Protein chains: 4
Amino acid sequence: MTKSTKNSAVLLIHCPDKSGIVVAITEFIYKNDGNILYLDQHVDTERGVFFMRVEWELDGFAIDRHKIAEYFETLVGSRYQMTSQLYFADDKPRMALFVSKMSHCFYDLLARYECGELDVEIPLVISNHTDLQTASERLGIEYHCISINKDNKEEQEARQKALLAQHDIDFIVLARYMQVLSDEFVKDYPQRVINIHHSFLPAFPGGRPYHSAHERGVKIIGATSHYVTAELDAGPIIEQDVVHVSHKDTVEDLVRIGRDLEKIVLARAVRHHVHHDLLVYENRTVVFD
Amino acid sequence: MTKSTKNSAVLLIHCPDKSGIVVAITEFIYKNDGNILYLDQHVDTERGVFFMRVEWELDGFAIDRHKIAEYFETLVGSRYQMTSQLYFADDKPRMALFVSKMSHCFYDLLARYECGELDVEIPLVISNHTDLQTASERLGIEYHCISINKDNKEEQEARQKALLAQHDIDFIVLARYMQVLSDEFVKDYPQRVINIHHSFLPAFPGGRPYHSAHERGVKIIGATSHYVTAELDAGPIIEQDVVHVSHKDTVEDLVRIGRDLEKIVLARAVRHHVHHDLLVYENRTVVFD
Amino acid sequence: MTKSTKNSAVLLIHCPDKSGIVVAITEFIYKNDGNILYLDQHVDTERGVFFMRVEWELDGFAIDRHKIAEYFETLVGSRYQMTSQLYFADDKPRMALFVSKMSHCFYDLLARYECGELDVEIPLVISNHTDLQTASERLGIEYHCISINKDNKEEQEARQKALLAQHDIDFIVLARYMQVLSDEFVKDYPQRVINIHHSFLPAFPGGRPYHSAHERGVKIIGATSHYVTAELDAGPIIEQDVVHVSHKDTVEDLVRIGRDLEKIVLARAVRHHVHHDLLVYENRTVVFD
Amino acid sequence: MTKSTKNSAVLLIHCPDKSGIVVAITEFIYKNDGNILYLDQHVDTERGVFFMRVEWELDGFAIDRHKIAEYFETLVGSRYQMTSQLYFADDKPRMALFVSKMSHCFYDLLARYECGELDVEIPLVISNHTDLQTASERLGIEYHCISINKDNKEEQEARQKALLAQHDIDFIVLARYMQVLSDEFVKDYPQRVINIHHSFLPAFPGGRPYHSAHERGVKIIGATSHYVTAELDAGPIIEQDVVHVSHKDTVEDLVRIGRDLEKIVLARAVRHHVHHDLLVYENRTVVFD
């Protein structure tokens, strides 16, 4: 789906399932002169949880932007024990890229950024190498090389966090970063760090998945984009895709073929995050698309 | 999605887009003690048309089943110029199969029917050959062999229609029937005749699409399920899928590989029709899944 | 690819890679007046192993059918330390089906058998239940219900083996059989037992993979057909395929959607086996297609 | 597959099918101390045509590089009426890019070029606009803006051809060039101009295929890479792929989703061309992969 307007609000909600929720939310919008653009809901009947994404036009809406969250919580949210997030379509999220030496996801995201496909600001790239510095700076993006080893991890992550704070970063994309973030780091950015793993998880977590795939003799390889959590490669999955391979493909072929998958799966996941199309609940995602 | 209950109603709606439609519909359900199970909406912003599918539980619903359509039209539908269809999940649609000699789609649908996957009654099979008679009758399905040629088409179609009426048939599935229905026949069953065509339409309409695909040297072949309209292979598309092929595949290989596509694409289309998951508007489908 | 003739021989070979192998094999065929129909080779450069599948017409071939294996071994095979298998296209392999209560793979294979798509004889179905007896017997296939529990496993497997011997069975297809064969049984049928597992292995081995997939929140589900080895779900993979799913799909939906995958992946694997299109080497398959 | 060596020769052959061809070719290589790396053959039984791709190591090969073509033609080719092409793996083809304003295929190919994935030299970009000049020149690629309208087409194409000759260009990639080459131009570069068309041909040839796809209500969109011939969008297809779409997707969504398809389908086609993996015969391709 395409956003039809820049002056709109997006509300993401989950709460215990109960009769009347849809009416309560849509009435709140309608009675205050908002025009609903998209409405998507889902009920997890097993867990008894209601999920919704609703987007409406703000032109002529009776409640001031900065008051909407408060009004909604008071008049609707609190009555249904809702957990809600409110976003405005014209607020561009600020994204930091963490990269290493591999360039394919990095270049792919930058090309989308440059041609206006990605609705974000990218003020910051952080890497443990200098390889991609020139390409970043050409687009006016600040580049910091922060090498991490097991002795300096704590202080280097502190430097990273300082940069993230200084640039007012909303979320981080690990574009084949090749470093494991510390639990403390991850805890500070819940559902705000997106990783691309080069296998169809839960198969082949951890290092060298293409080697493992080749060794196992699988006929498909995949890529998985997920939010980073404390447990390695076990966070909520946002996007996955696969491609067929054969006995002819060497590990090098899998690496090459996989690059195209990784680029596209990561780009789709970033798009969902940026468009506020997804909710996380109990380590799984609800993706409204 | 799975139907969560048998005692539920499904409403399919389209109307000119306007503020307040979602509230009006959900209020009608909520105020009369219905519990919404699924709600899906779509706005075609280009044409200014609003589409919705909503399903709610009828246990405890304040309005009698046979009065719901009238109440809805009076209280909601007429105010928004809605075109609406109402279905009940425990009404099993009655489906007739039109077949010829090829058995793959026929056997596939019967296997799904036998194991309870298809929520329909199949009281009638009509064919221009006797090949599949035994298999039909084994499952207690009436089988009529009605040969059609250009001289007897009108009277034979009259016989077909009489059988359809006698068995109270709701919709027809052409499971590789190989005959073109007359315009008059099609007109009598609008959006009630589902066909499977063995190409990714609009490529290769008409006869012998696998031969044409082979001749053109395409690298993918497909299958398309659509509602039958007066114009051949040009009706609203319900489902499509494709598979990769190569220069090694002969026409016979394409026919064989294509059979698996045809079976699955047709079965998915029948499922959408039976679950009232789709709406037709200006020769295109809105499929809520 | 399609077999172009019934009077042809298929040779499957692997051996240490070395210069001159292709010449040696093709000369053997050509000098004895055989016409090569298909030739496919593959070199595993990492392991230094050469693989080949070659099929040639036997009309006018200078060596008698029953002497070909001996001549080839003496004149070519022994000089290159080849491991080879020889098949004749007009020898129909004899296949036994092991089933349980679930009918989808069973019906699918029988439909392919009945319409002539599968180039096999199916004289025997073995099950631990009686559910599919009528359908088997309708096609003249002997059906034996042999219930297995942990106390009688040895003697019941002995009964199974006796039936397999009596019917001169070449290979076994476990069409959702739901029982684990003993190591002894497996050892007696090396690369002759084909299983369908309802996940994209190595993800979700063992029981209830759809439940695990749902719990993990994956966005794709898969099916894997493999040769059975002593280690559960770890044998050489013949075919895999996947389909996209979403948060809307319940476990029941995954089970239903997965059935179509299982049918097709198993049928493709059986086809490869029957057409002698594949070789197993160090727990991986080389599939010539 | 991966090329295993840089010092190897590739022979692409087609000729009337006849017994003994494989022996003749492999003997030529083996007797002259060449080691076969890959051998792929295909027989079009309908047309009676034999196709082969064979690659062998040149280290220690008895015939000088620049004599191989002559020797092969004299000793083998002429006896079987072969049409053959000979390539050396260490000869990097020289590729020209023709672009317009759209950057996605252009950036994608350049990223592959920069990271060493594409085995080509790109000395020249030609465009009818200046938009991509800076990006070209940053990589040291000459950029020429040559605007074409119906009055100056002949002279401007003459300028293009002069540049192609001057840069010793082997083949041209139209990366969404948006101009139709004249028949004369096409005739000068047979099977040397690769185009990417944004539909699954033969559906939606010509302009605005995404608009037509949306209008028709298809459930899949595709991209096709083909050699350019005199008839628009009707040349031999090299690669095709598709992606599922839905009623929710506007034309703008199709354009965006399609960009990822176009990039990947074009890159795969260029790879096949560069690796000499394909043969054209009667407007169809034989792709050895």
# chains A, B, ... in the order shown; residues from 1 in each chain; ligands from 1
>>> interface_residues(of="chain D", to="chain A", cutoff="10 Å", atoms="only C-alpha atoms", output="count of residues only")
31
>>> residues_around(residues="B:Thr229", least_positions_apart="3", cutoff="12 Å", atoms="only C-alpha atoms", output="PyMOL selection string")
chain B and resi 180-195+226+232-237+280+282-284
>>> atom_distance(atom1="atom CA of A:Phe72", atom2="atom CA of A:Pro93")
22.5 Å
>>> select_by_dssp(residues="stretch 79-145 of chain B", states="helix (DSSP H, G or I)", output="list in words")
Arg79, Tyr80, His104, Cys105, Phe106, Tyr107, Asp108, Leu109, Leu110, Ala111, Arg112, Tyr113, Glu114, Gln133, Thr134, Ala135, Ser136, Glu137 and Arg138 of chain B
>>> residues_around(residues="C:Gln166", least_positions_apart="2", cutoff="12 Å", atoms="only C-alpha atoms", output="ChimeraX atom specification")
/C:94,96,123-124,142,159-164,168-170
>>> write_last_selection(atoms="N, CA and C atoms", output="PDB file, in the first residue's frame")
ATOM      1  N   ARG C  94       9.101 -50.889  -8.714  1.00  0.00           N
ATOM      2  CA  ARG C  94       7.945 -51.304  -7.908  1.00  0.00           C
ATOM      3  C   ARG C  94       8.008 -50.584  -6.564  1.00  0.00           C
ATOM      4  N   ALA C  96       6.284 -49.348  -2.852  1.00  0.00           N
ATOM      5  CA  ALA C  96       5.315 -49.577  -1.774  1.00  0.00           C
ATOM      6  C   ALA C  96       5.035 -48.259  -1.075  1.00  0.00           C
ATOM      7  N   PRO C 123       2.164 -52.198  -6.110  1.00  0.00           N
ATOM      8  CA  PRO C 123       1.419 -53.399  -5.748  1.00  0.00           C
ATOM      9  C   PRO C 123       1.008 -53.453  -4.285  1.00  0.00           C
ATOM     10  N   LEU C 124       1.527 -52.528  -3.452  1.00  0.00           N
ATOM     11  CA  LEU C 124       1.407 -52.719  -2.005  1.00  0.00           C
ATOM     12  C   LEU C 124       1.279 -51.404  -1.242  1.00  0.00           C
ATOM     13  N   GLU C 142      -2.899 -54.191  -3.069  1.00  0.00           N
ATOM     14  CA  GLU C 142      -3.012 -54.921  -1.812  1.00  0.00           C
ATOM     15  C   GLU C 142      -2.759 -53.992  -0.630  1.00  0.00           C
ATOM     16  N   ARG C 159       7.160 -58.587   9.527  1.00  0.00           N
ATOM     17  CA  ARG C 159       6.021 -58.823   8.619  1.00  0.00           C
ATOM     18  C   ARG C 159       6.072 -57.869   7.424  1.00  0.00           C
ATOM     19  N   GLN C 160       6.395 -56.600   7.710  1.00  0.00           N
ATOM     20  CA  GLN C 160       6.496 -55.617   6.619  1.00  0.00           C
ATOM     21  C   GLN C 160       7.554 -56.039   5.598  1.00  0.00           C
ATOM     22  N   LYS C 161       8.722 -56.438   6.116  1.00  0.00           N
ATOM     23  CA  LYS C 161       9.800 -56.825   5.211  1.00  0.00           C
ATOM     24  C   LYS C 161       9.424 -58.044   4.374  1.00  0.00           C
ATOM     25  N   ALA C 162       8.703 -58.966   4.985  1.00  0.00           N
ATOM     26  CA  ALA C 162       8.265 -60.146   4.241  1.00  0.00           C
ATOM     27  C   ALA C 162       7.361 -59.741   3.077  1.00  0.00           C
ATOM     28  N   LEU C 163       6.442 -58.788   3.344  1.00  0.00           N
ATOM     29  CA  LEU C 163       5.552 -58.311   2.282  1.00  0.00           C
ATOM     30  C   LEU C 163       6.337 -57.588   1.186  1.00  0.00           C
ATOM     31  N   LEU C 164       7.312 -56.796   1.595  1.00  0.00           N
ATOM     32  CA  LEU C 164       8.132 -56.064   0.620  1.00  0.00           C
ATOM     33  C   LEU C 164       8.887 -57.042  -0.280  1.00  0.00           C
ATOM     34  N   ASP C 168       8.410 -57.947  -4.262  1.00  0.00           N
ATOM     35  CA  ASP C 168       9.556 -57.540  -5.069  1.00  0.00           C
ATOM     36  C   ASP C 168       9.670 -56.012  -5.159  1.00  0.00           C
ATOM     37  N   ILE C 169       9.528 -55.369  -4.012  1.00  0.00           N
ATOM     38  CA  ILE C 169       9.482 -53.905  -3.956  1.00  0.00           C
ATOM     39  C   ILE C 169      10.880 -53.308  -4.131  1.00  0.00           C
ATOM     40  N   ASP C 170      10.969 -52.288  -4.989  1.00  0.00           N
ATOM     41  CA  ASP C 170      12.241 -51.601  -5.214  1.00  0.00           C
ATOM     42  C   ASP C 170      12.468 -50.452  -4.251  1.00  0.00           C
TER      43      ASP C 170
END
>>> atom_distance(atom1="atom CA of B:Val120", atom2="atom CA of B:Phe288")
19.5 Å
>>> select_by_dssp(residues="stretch 20-166 of chain B", states="strand (DSSP E)", output="short mmCIF file (atom, residue, chain, number, x, y, z; two decimals) with N, CA, C and O atoms, in the first residue's frame")
data_model
loop_
_atom_site.label_atom_id
_atom_site.label_comp_id
_atom_site.auth_asym_id
_atom_site.auth_seq_id
_atom_site.Cartn_x
_atom_site.Cartn_y
_atom_site.Cartn_z
N ASN B 35 -20.32 -9.77 17.96
CA ASN B 35 -18.89 -9.67 18.24
C ASN B 35 -18.11 -9.84 16.93
O ASN B 35 -18.17 -10.89 16.29
N ILE B 36 -17.40 -8.78 16.54
CA ILE B 36 -16.67 -8.81 15.27
C ILE B 36 -15.52 -9.80 15.32
O ILE B 36 -14.69 -9.76 16.24
N LEU B 37 -15.47 -10.70 14.34
CA LEU B 37 -14.39 -11.69 14.27
C LEU B 37 -13.30 -11.23 13.31
O LEU B 37 -12.12 -11.34 13.60
N TYR B 38 -13.70 -10.77 12.14
CA TYR B 38 -12.75 -10.25 11.15
C TYR B 38 -13.29 -8.98 10.56
O TYR B 38 -14.50 -8.88 10.31
N LEU B 39 -12.41 -8.04 10.30
CA LEU B 39 -12.81 -6.83 9.61
C LEU B 39 -11.67 -6.45 8.68
O LEU B 39 -10.53 -6.33 9.11
N ASP B 40 -11.98 -6.32 7.43
CA ASP B 40 -10.98 -5.95 6.44
C ASP B 40 -11.61 -4.88 5.56
O ASP B 40 -12.75 -5.04 5.12
N GLN B 41 -10.88 -3.81 5.29
CA GLN B 41 -11.45 -2.80 4.40
C GLN B 41 -10.39 -2.37 3.42
O GLN B 41 -9.19 -2.58 3.63
N HIS B 42 -10.83 -1.78 2.36
CA HIS B 42 -9.90 -1.29 1.34
C HIS B 42 -10.56 -0.11 0.65
O HIS B 42 -11.76 -0.13 0.37
N VAL B 43 -9.77 0.92 0.39
CA VAL B 43 -10.29 2.05 -0.36
C VAL B 43 -9.52 2.16 -1.67
O VAL B 43 -8.29 2.21 -1.66
N ASP B 44 -10.27 2.11 -2.76
CA ASP B 44 -9.67 2.37 -4.07
C ASP B 44 -9.70 3.89 -4.24
O ASP B 44 -10.73 4.45 -4.61
N VAL B 49 -13.82 4.35 -4.21
CA VAL B 49 -14.75 3.29 -3.78
C VAL B 49 -14.24 2.63 -2.50
O VAL B 49 -13.04 2.36 -2.36
N PHE B 50 -15.16 2.40 -1.60
CA PHE B 50 -14.85 1.75 -0.33
C PHE B 50 -15.31 0.30 -0.39
O PHE B 50 -16.42 0.01 -0.86
N PHE B 51 -14.45 -0.63 0.08
CA PHE B 51 -14.78 -2.05 0.12
C PHE B 51 -14.61 -2.57 1.54
O PHE B 51 -13.66 -2.20 2.24
N MET B 52 -15.48 -3.46 1.95
CA MET B 52 -15.31 -4.06 3.27
C MET B 52 -15.83 -5.48 3.32
O MET B 52 -16.80 -5.85 2.66
N ARG B 53 -15.13 -6.27 4.13
CA ARG B 53 -15.62 -7.58 4.53
C ARG B 53 -15.60 -7.60 6.04
O ARG B 53 -14.58 -7.32 6.66
N VAL B 54 -16.74 -7.90 6.63
CA VAL B 54 -16.79 -7.99 8.09
C VAL B 54 -17.54 -9.27 8.47
O VAL B 54 -18.53 -9.64 7.83
N GLU B 55 -17.02 -9.96 9.46
CA GLU B 55 -17.64 -11.20 9.92
C GLU B 55 -17.85 -11.09 11.42
O GLU B 55 -16.97 -10.66 12.15
N TRP B 56 -19.05 -11.43 11.86
CA TRP B 56 -19.31 -11.35 13.30
C TRP B 56 -20.11 -12.56 13.80
O TRP B 56 -20.83 -13.19 13.03
N GLU B 57 -19.96 -12.83 15.09
CA GLU B 57 -20.67 -13.94 15.73
C GLU B 57 -22.15 -13.61 15.88
O GLU B 57 -22.51 -12.50 16.27
N THR B 83 -23.72 -1.39 -1.97
CA THR B 83 -24.08 -2.66 -2.57
C THR B 83 -23.56 -3.71 -1.60
O THR B 83 -22.36 -3.74 -1.30
N SER B 84 -24.44 -4.54 -1.07
CA SER B 84 -23.97 -5.47 -0.04
C SER B 84 -24.46 -6.89 -0.30
O SER B 84 -25.47 -7.12 -0.96
N GLN B 85 -23.69 -7.86 0.19
CA GLN B 85 -24.07 -9.27 0.15
C GLN B 85 -23.92 -9.82 1.56
O GLN B 85 -22.93 -9.55 2.22
N LEU B 86 -24.89 -10.60 1.99
CA LEU B 86 -24.85 -11.18 3.33
C LEU B 86 -24.81 -12.71 3.22
O LEU B 86 -25.59 -13.30 2.49
N TYR B 87 -23.88 -13.32 3.94
CA TYR B 87 -23.77 -14.78 3.97
C TYR B 87 -23.71 -15.29 5.40
O TYR B 87 -23.29 -14.55 6.30
N PHE B 88 -24.09 -16.54 5.57
CA PHE B 88 -23.97 -17.16 6.90
C PHE B 88 -22.98 -18.32 6.79
O PHE B 88 -23.04 -19.13 5.86
N ARG B 94 -23.63 -24.74 -2.66
CA ARG B 94 -23.78 -25.93 -3.49
C ARG B 94 -23.06 -25.70 -4.83
O ARG B 94 -23.40 -24.79 -5.56
N MET B 95 -22.12 -26.56 -5.10
CA MET B 95 -21.20 -26.36 -6.24
C MET B 95 -21.39 -27.47 -7.28
O MET B 95 -21.51 -28.64 -6.93
N ALA B 96 -21.45 -27.07 -8.54
CA ALA B 96 -21.45 -28.04 -9.64
C ALA B 96 -20.10 -28.02 -10.33
O ALA B 96 -19.50 -26.95 -10.51
N LEU B 97 -19.62 -29.20 -10.68
CA LEU B 97 -18.35 -29.32 -11.39
C LEU B 97 -18.62 -29.62 -12.86
O LEU B 97 -19.36 -30.55 -13.17
N PHE B 98 -18.03 -28.84 -13.75
CA PHE B 98 -18.08 -29.13 -15.18
C PHE B 98 -16.71 -29.67 -15.57
O PHE B 98 -15.70 -28.97 -15.36
N VAL B 99 -16.67 -30.88 -16.10
CA VAL B 99 -15.39 -31.49 -16.44
C VAL B 99 -15.41 -32.03 -17.86
O VAL B 99 -16.45 -32.11 -18.51
N GLU B 121 -21.18 -28.36 -0.67
CA GLU B 121 -21.85 -29.58 -1.12
C GLU B 121 -21.61 -29.69 -2.62
O GLU B 121 -21.70 -28.69 -3.33
N ILE B 122 -21.29 -30.89 -3.08
CA ILE B 122 -21.15 -31.11 -4.54
C ILE B 122 -22.17 -32.16 -4.96
O ILE B 122 -21.88 -33.36 -4.91
N PRO B 123 -23.35 -31.74 -5.36
CA PRO B 123 -24.36 -32.73 -5.75
C PRO B 123 -24.29 -33.13 -7.21
O PRO B 123 -24.95 -34.10 -7.60
N LEU B 124 -23.50 -32.41 -8.04
CA LEU B 124 -23.65 -32.56 -9.49
C LEU B 124 -22.34 -32.37 -10.25
O LEU B 124 -21.61 -31.42 -10.01
N VAL B 125 -22.08 -33.34 -11.13
CA VAL B 125 -20.98 -33.20 -12.09
C VAL B 125 -21.57 -33.28 -13.50
O VAL B 125 -22.36 -34.19 -13.79
N ILE B 126 -21.20 -32.34 -14.35
CA ILE B 126 -21.65 -32.36 -15.75
C ILE B 126 -20.41 -32.45 -16.65
O ILE B 126 -19.42 -31.77 -16.41
N SER B 127 -20.49 -33.30 -17.65
CA SER B 127 -19.35 -33.49 -18.54
C SER B 127 -19.81 -33.76 -19.96
O SER B 127 -20.95 -34.18 -20.19
N GLU B 142 -24.15 -37.11 -8.49
CA GLU B 142 -24.84 -37.35 -9.75
C GLU B 142 -23.97 -36.88 -10.92
O GLU B 142 -23.39 -35.79 -10.87
N TYR B 143 -23.91 -37.69 -11.97
CA TYR B 143 -23.05 -37.38 -13.11
C TYR B 143 -23.89 -37.38 -14.37
O TYR B 143 -24.61 -38.34 -14.64
N HIS B 144 -23.82 -36.31 -15.13
CA HIS B 144 -24.56 -36.25 -16.39
C HIS B 144 -23.62 -35.98 -17.54
O HIS B 144 -22.88 -35.00 -17.53
N CYS B 145 -23.69 -36.86 -18.52
CA CYS B 145 -22.90 -36.67 -19.72
C CYS B 145 -23.75 -35.94 -20.76
O CYS B 145 -24.76 -36.47 -21.24
#
>>> atom_distance(atom1="atom CA of D:Asp241", atom2="atom CA of B:Val242")
9.3 Å
>>> residues_around(residues="A:Leu278", least_positions_apart="6", cutoff="7 Å", atoms="only C-alpha atoms", output="ChimeraX atom specification")
/A:272,285-288
>>> closest_residue(among="B:Arg208, B:Arg79, B:His276, B:Arg271", to="B:Leu109", atoms="only C-alpha atoms")
B:Arg271
>>> residues_around(residues="B:Ile148", least_positions_apart="3", cutoff="10 Å", atoms="only C-alpha atoms", output="ChimeraX atom specification")
/B:127-129,145,151-157,179
>>> write_last_selection(atoms="all heavy atoms", output="short mmCIF file (atom, residue, chain, number, x, y, z; two decimals), in the first residue's frame")
data_model
loop_
_atom_site.label_atom_id
_atom_site.label_comp_id
_atom_site.auth_asym_id
_atom_site.auth_seq_id
_atom_site.Cartn_x
_atom_site.Cartn_y
_atom_site.Cartn_z
N SER B 127 -20.49 -33.30 -17.65
CA SER B 127 -19.35 -33.49 -18.54
C SER B 127 -19.81 -33.76 -19.96
O SER B 127 -20.95 -34.18 -20.19
CB SER B 127 -18.51 -34.68 -18.04
OG SER B 127 -17.42 -34.89 -18.93
N ASN B 128 -18.94 -33.52 -20.91
CA ASN B 128 -19.23 -33.92 -22.29
C ASN B 128 -18.63 -35.30 -22.60
O ASN B 128 -18.64 -35.74 -23.74
CB ASN B 128 -18.73 -32.87 -23.29
CG ASN B 128 -17.31 -32.41 -22.98
OD1 ASN B 128 -16.80 -32.65 -21.89
ND2 ASN B 128 -16.68 -31.77 -23.94
N HIS B 129 -18.11 -35.97 -21.58
CA HIS B 129 -17.56 -37.31 -21.73
C HIS B 129 -17.95 -38.15 -20.52
O HIS B 129 -18.36 -37.61 -19.49
CB HIS B 129 -16.04 -37.27 -21.87
CG HIS B 129 -15.58 -36.57 -23.12
ND1 HIS B 129 -15.60 -37.16 -24.35
CD2 HIS B 129 -15.13 -35.31 -23.31
CE1 HIS B 129 -15.16 -36.31 -25.26
NE2 HIS B 129 -14.88 -35.17 -24.66
N CYS B 145 -23.69 -36.86 -18.52
CA CYS B 145 -22.90 -36.67 -19.72
C CYS B 145 -23.75 -35.94 -20.76
O CYS B 145 -24.76 -36.47 -21.24
CB CYS B 145 -22.43 -38.02 -20.26
SG CYS B 145 -21.45 -37.83 -21.74
N ASP B 151 -24.28 -27.56 -33.19
CA ASP B 151 -25.68 -27.67 -33.60
C ASP B 151 -26.64 -27.80 -32.42
O ASP B 151 -27.79 -27.36 -32.48
CB ASP B 151 -25.87 -28.87 -34.53
CG ASP B 151 -25.10 -28.69 -35.83
OD1 ASP B 151 -25.01 -27.52 -36.28
OD2 ASP B 151 -24.58 -29.69 -36.36
N ASN B 152 -26.18 -28.48 -31.36
CA ASN B 152 -27.10 -28.73 -30.24
C ASN B 152 -26.82 -27.87 -29.01
O ASN B 152 -27.38 -28.12 -27.95
CB ASN B 152 -27.04 -30.23 -29.86
CG ASN B 152 -25.71 -30.60 -29.21
OD1 ASN B 152 -24.86 -29.75 -29.01
ND2 ASN B 152 -25.57 -31.87 -28.90
N LYS B 153 -25.92 -26.89 -29.15
CA LYS B 153 -25.47 -26.13 -27.97
C LYS B 153 -26.63 -25.54 -27.19
O LYS B 153 -26.67 -25.64 -25.96
CB LYS B 153 -24.51 -25.02 -28.41
CG LYS B 153 -23.86 -24.30 -27.23
CD LYS B 153 -22.54 -23.65 -27.64
CE LYS B 153 -21.77 -23.21 -26.41
NZ LYS B 153 -20.35 -23.07 -26.67
N GLU B 154 -27.57 -24.93 -27.88
CA GLU B 154 -28.64 -24.24 -27.17
C GLU B 154 -29.46 -25.21 -26.33
O GLU B 154 -29.72 -24.98 -25.15
CB GLU B 154 -29.53 -23.50 -28.18
CG GLU B 154 -30.32 -22.38 -27.54
CD GLU B 154 -31.10 -21.56 -28.57
OE1 GLU B 154 -30.62 -21.47 -29.74
OE2 GLU B 154 -32.17 -21.04 -28.21
N GLU B 155 -29.87 -26.33 -26.95
CA GLU B 155 -30.70 -27.26 -26.19
C GLU B 155 -29.93 -27.98 -25.09
O GLU B 155 -30.46 -28.27 -24.03
CB GLU B 155 -31.38 -28.27 -27.14
CG GLU B 155 -30.46 -29.35 -27.67
CD GLU B 155 -31.08 -30.18 -28.80
OE1 GLU B 155 -31.35 -29.57 -29.86
OE2 GLU B 155 -31.29 -31.38 -28.59
N GLN B 156 -28.65 -28.25 -25.35
CA GLN B 156 -27.86 -28.93 -24.32
C GLN B 156 -27.59 -28.01 -23.13
O GLN B 156 -27.61 -28.45 -21.98
CB GLN B 156 -26.53 -29.44 -24.90
CG GLN B 156 -26.67 -30.54 -25.96
CD GLN B 156 -27.25 -31.83 -25.42
OE1 GLN B 156 -28.42 -31.85 -24.98
NE2 GLN B 156 -26.47 -32.90 -25.45
N GLU B 157 -27.34 -26.74 -23.42
CA GLU B 157 -27.17 -25.80 -22.30
C GLU B 157 -28.48 -25.65 -21.53
O GLU B 157 -28.46 -25.46 -20.31
CB GLU B 157 -26.69 -24.43 -22.82
CG GLU B 157 -25.21 -24.45 -23.22
CD GLU B 157 -24.58 -23.05 -23.28
OE1 GLU B 157 -25.36 -22.07 -23.36
OE2 GLU B 157 -23.34 -22.95 -23.23
N GLN B 179 -14.94 -26.47 -22.93
CA GLN B 179 -16.01 -25.94 -23.77
C GLN B 179 -16.20 -24.46 -23.42
O GLN B 179 -16.03 -24.08 -22.27
CB GLN B 179 -17.34 -26.66 -23.49
CG GLN B 179 -17.34 -28.13 -23.79
CD GLN B 179 -17.39 -28.40 -25.29
OE1 GLN B 179 -18.04 -27.67 -26.04
NE2 GLN B 179 -16.66 -29.42 -25.72
#
>>> residues_around(residues="A:Gly60", least_positions_apart="6", cutoff="10 Å", atoms="only C-alpha atoms", output="list of chain:residue names")
A:Asn32, A:Asp33, A:Gly34, A:Asn35
>>> write_last_selection(atoms="N, CA and C atoms", output="CSV table (one decimal), in the first residue's frame")
chain,number,residue,atom,x,y,z
A,32,ASN,N,-14.4,13.2,15.8
A,32,ASN,CA,-13.5,14.3,15.8
A,32,ASN,C,-13.1,14.8,14.4
A,33,ASP,N,-13.9,14.3,13.4
A,33,ASP,CA,-13.7,14.8,12.0
A,33,ASP,C,-12.4,14.3,11.3
A,34,GLY,N,-12.0,13.1,11.7
A,34,GLY,CA,-10.9,12.5,11.0
A,34,GLY,C,-11.4,11.5,10.0
A,35,ASN,N,-10.7,11.4,8.9
A,35,ASN,CA,-11.1,10.5,7.8
A,35,ASN,C,-10.2,9.3,7.7
>>> residues_around(residues="C:His244", least_positions_apart="6", cutoff="9 Å", atoms="only C-alpha atoms", output="list of chain:residue names")
A:Gln240, A:Asp241, C:Lys219, C:Ile220, C:Ile221, C:Gly222
